[in-house]
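In what follows, a single structure is set out as structure tokens and then discussed.
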Amino acid sequence: MVTVAAFLTTMGTACGGSGGTAARGEGLQVVAGFARLAEVAARVGGDQVDVRDLTPAGAEPHDLELSTDDVDAVEDADVVLELGGDFQPALSRAARRAEVRVQLLRPEERADPHVWLDPVRFADLVAQVGDALADADPPRSAGYRRRAQSFRAELARLHSDYEAGLARCRRRLIVTAHAAFGRLAARYDLEQRAITGVSPEAEPDPRRLAELTDLVRREGVTHVFTEQLVSPRVARALAREAGVEVAVLDPLEGRTSEGYSAVMRQNLRKLRDVLECE
């Protein structure tokens, strides 16, 4: 198990080890379903927690399957952070046996689990994680809640920058590889049209591609957005057929060399450029 301090600088390296050591005076053992939850646990937990991210570097969290060691880590952890809503069914099945299991999605959010792409909702998730760690480790609860509040303040500034940065744009339509950006679009008055649904491995319907080609041409869209963890083949085919370019927009599903806020600001700059915002 790497320490939290190391975790923040090695997001591309899998965390190892298992849990259950908090009672012995060591770090609170936290298992997280994927990188964004692991980052929150590390930021909120500080040096009081050891974090295990179950999704390997370069893998799609939607496709998570658990090894025997992973299942043991889930069962032994002090806190298990899972998004819920069938985002990672293998983790949900294993986590049902965990004593401290934290599901972070509200029932109405399960149709689109990509809540972390909305900084306002992500701040709510940070608060939930802070409360979960505080409940699991009462003697150090003040520190968890203080760090959660600091992270939430950072996210409030990010939200303000998104509001200002996307307020006046020539276009408001984004065409994406899969439907990961619906919550971001809804928060900032954009419109998302996706080649596939919320699961990136779904095969696109040829009729859908034809409809999107017509839409791109009709609405003056200049770019089709693809992403790091899925093949760009279909997005490139759509862009080629419509006579536009391909750009990368990060859905922040996998591990990143930079933290959440830094990557979200990169996304904001890319959106402002593609949508021609003032």
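Order determines the names: the first chain of the structure tokens is A, the second B, and so forth; residues in each chain are numbered 1 upward, and ligands are numbered 1 upward as they are shown.
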A:Gly254 surroundings by only C-alpha atoms, 9 Å radius, close-in-sequence under 3 positions cut, as JSON, numbers by chain
{"A": [12, 34, 35, 36, 55, 56, 57, 58, 59, 60, 61, 228, 229, 251]}
Dump of N, CA and C atoms for the selected residues, as a short mmCIF file (atom, residue, chain, number, x, y, z; two decimals), in the first residue's frame:
data_model
loop_
_atom_site.label_atom_id
_atom_site.label_comp_id
_atom_site.auth_asym_id
_atom_site.auth_seq_id
_atom_site.Cartn_x
_atom_site.Cartn_y
_atom_site.Cartn_z
N GLY A 12 -0.63 7.31 -11.78
CA GLY A 12 -0.54 6.32 -12.83
C GLY A 12 -0.07 4.97 -12.34
N PHE A 34 -12.61 3.78 -8.49
CA PHE A 34 -11.84 4.29 -9.63
C PHE A 34 -11.15 5.58 -9.22
N ALA A 35 -10.41 6.16 -10.17
CA ALA A 35 -9.45 7.20 -9.84
C ALA A 35 -10.05 8.42 -9.16
N ARG A 36 -11.22 8.88 -9.61
CA ARG A 36 -11.76 10.10 -9.01
C ARG A 36 -12.13 9.88 -7.55
N THR A 55 -9.30 0.26 -10.06
CA THR A 55 -9.24 0.27 -11.52
C THR A 55 -7.80 0.49 -11.97
N PRO A 56 -7.21 -0.44 -12.71
CA PRO A 56 -5.81 -0.30 -13.13
C PRO A 56 -5.61 0.91 -14.04
N ALA A 57 -4.40 1.40 -14.07
CA ALA A 57 -4.06 2.51 -14.96
C ALA A 57 -4.33 2.12 -16.40
N GLY A 58 -4.96 3.03 -17.15
CA GLY A 58 -5.24 2.79 -18.56
C GLY A 58 -6.49 1.98 -18.82
N ALA A 59 -7.19 1.53 -17.78
CA ALA A 59 -8.39 0.72 -17.94
C ALA A 59 -9.64 1.58 -17.80
N GLU A 60 -10.71 1.15 -18.46
CA GLU A 60 -12.00 1.80 -18.34
C GLU A 60 -12.66 1.36 -17.03
N PRO A 61 -13.02 2.29 -16.13
CA PRO A 61 -13.66 1.87 -14.88
C PRO A 61 -15.00 1.16 -15.08
N GLN A 228 -9.36 9.65 -24.03
CA GLN A 228 -8.14 8.86 -23.92
C GLN A 228 -8.37 7.36 -23.82
N LEU A 229 -9.41 6.92 -23.12
CA LEU A 229 -9.55 5.51 -22.78
C LEU A 229 -10.41 4.72 -23.75
N PRO A 251 -12.89 12.75 -19.93
CA PRO A 251 -13.99 12.50 -19.00
C PRO A 251 -13.53 12.18 -17.59
#
Counting only C-alpha atoms, what is within 12 Å of A:Leu125, bar same-chain residues fewer than 5 positions away, as a list in words?
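What passes the distance filter is Arg36, Leu37, Glu39, Val40, Ala41, Val44, Leu81, Glu82, Leu83, Val102, Gln103, Leu104, Leu105, Arg106, His114, Val115, Trp116, Leu117, Asp118, Pro119, Val120, Gly130, Asp131, Ala132, Ala148, Gln149, Phe151, Arg152 and Leu155 of chain A.
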I'd like to know which of A:Asp137, A:Leu190, A:Arg217, A:Pro107 is closest to A:Gly27, using only C-alpha atoms.
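Among the listed residues, the smallest separation from A:Gly27 belongs to A:Asp137.
Here atom CA of A:Gly46 and atom CA of A:Asp250 stand 25.8 Å from one another.
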Kindly give the distance, in Å, that separates atom CA of A:Val31 and atom CA of A:Val230, rounded to a single decimal.
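A separation of 24.9 Å between them.
Considering only C-alpha atoms, the residue among A:Glu75, A:Asp47, A:Asp214, A:Asp70 positioned nearest to A:Ala239 is A:Asp214.
Among the candidates A:Glu154, A:Glu278, A:Glu245, A:Glu26, the one nearest to A:Ala167 when counting only C-alpha atoms is A:Glu278.
Excluding A:Ala235 itself and same-chain residues fewer than 5 positions from it, the residues having an atom within 9 Å of it are A:Thr176, A:Ala177, A:Ile195, A:Val224, A:Phe225, A:Thr226, A:Arg240, A:Val246, counting only C-alpha atoms.
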Keeping only N, CA and C atoms, take the residues you just selected and write them out as a compact mmCIF listing (two decimals), in the first residue's frame.
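Everything below was put into out_18.txt:
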# COMPACT_ATOMS: atom_id res chain seq x y z
N THR A 176 -19.78 14.20 -28.75
CA THR A 176 -18.80 13.44 -27.98
C THR A 176 -18.83 11.96 -28.34
N ALA A 177 -17.73 11.27 -28.01
CA ALA A 177 -17.62 9.85 -28.31
C ALA A 177 -18.64 9.03 -27.53
N ILE A 195 -22.11 9.82 -29.65
CA ILE A 195 -22.14 8.72 -30.62
C ILE A 195 -22.71 7.47 -29.97
N VAL A 224 -15.40 16.99 -33.38
CA VAL A 224 -15.99 15.85 -32.67
C VAL A 224 -15.01 15.48 -31.55
N PHE A 225 -15.53 15.37 -30.33
CA PHE A 225 -14.66 15.08 -29.19
C PHE A 225 -14.51 13.58 -28.98
N THR A 226 -13.26 13.14 -28.87
CA THR A 226 -12.95 11.79 -28.45
C THR A 226 -12.26 11.85 -27.09
N ARG A 240 -14.46 12.71 -40.20
CA ARG A 240 -14.05 12.66 -41.61
C ARG A 240 -15.25 12.79 -42.54
N VAL A 246 -11.10 16.43 -35.09
CA VAL A 246 -11.25 15.68 -33.85
C VAL A 246 -10.46 16.39 -32.75
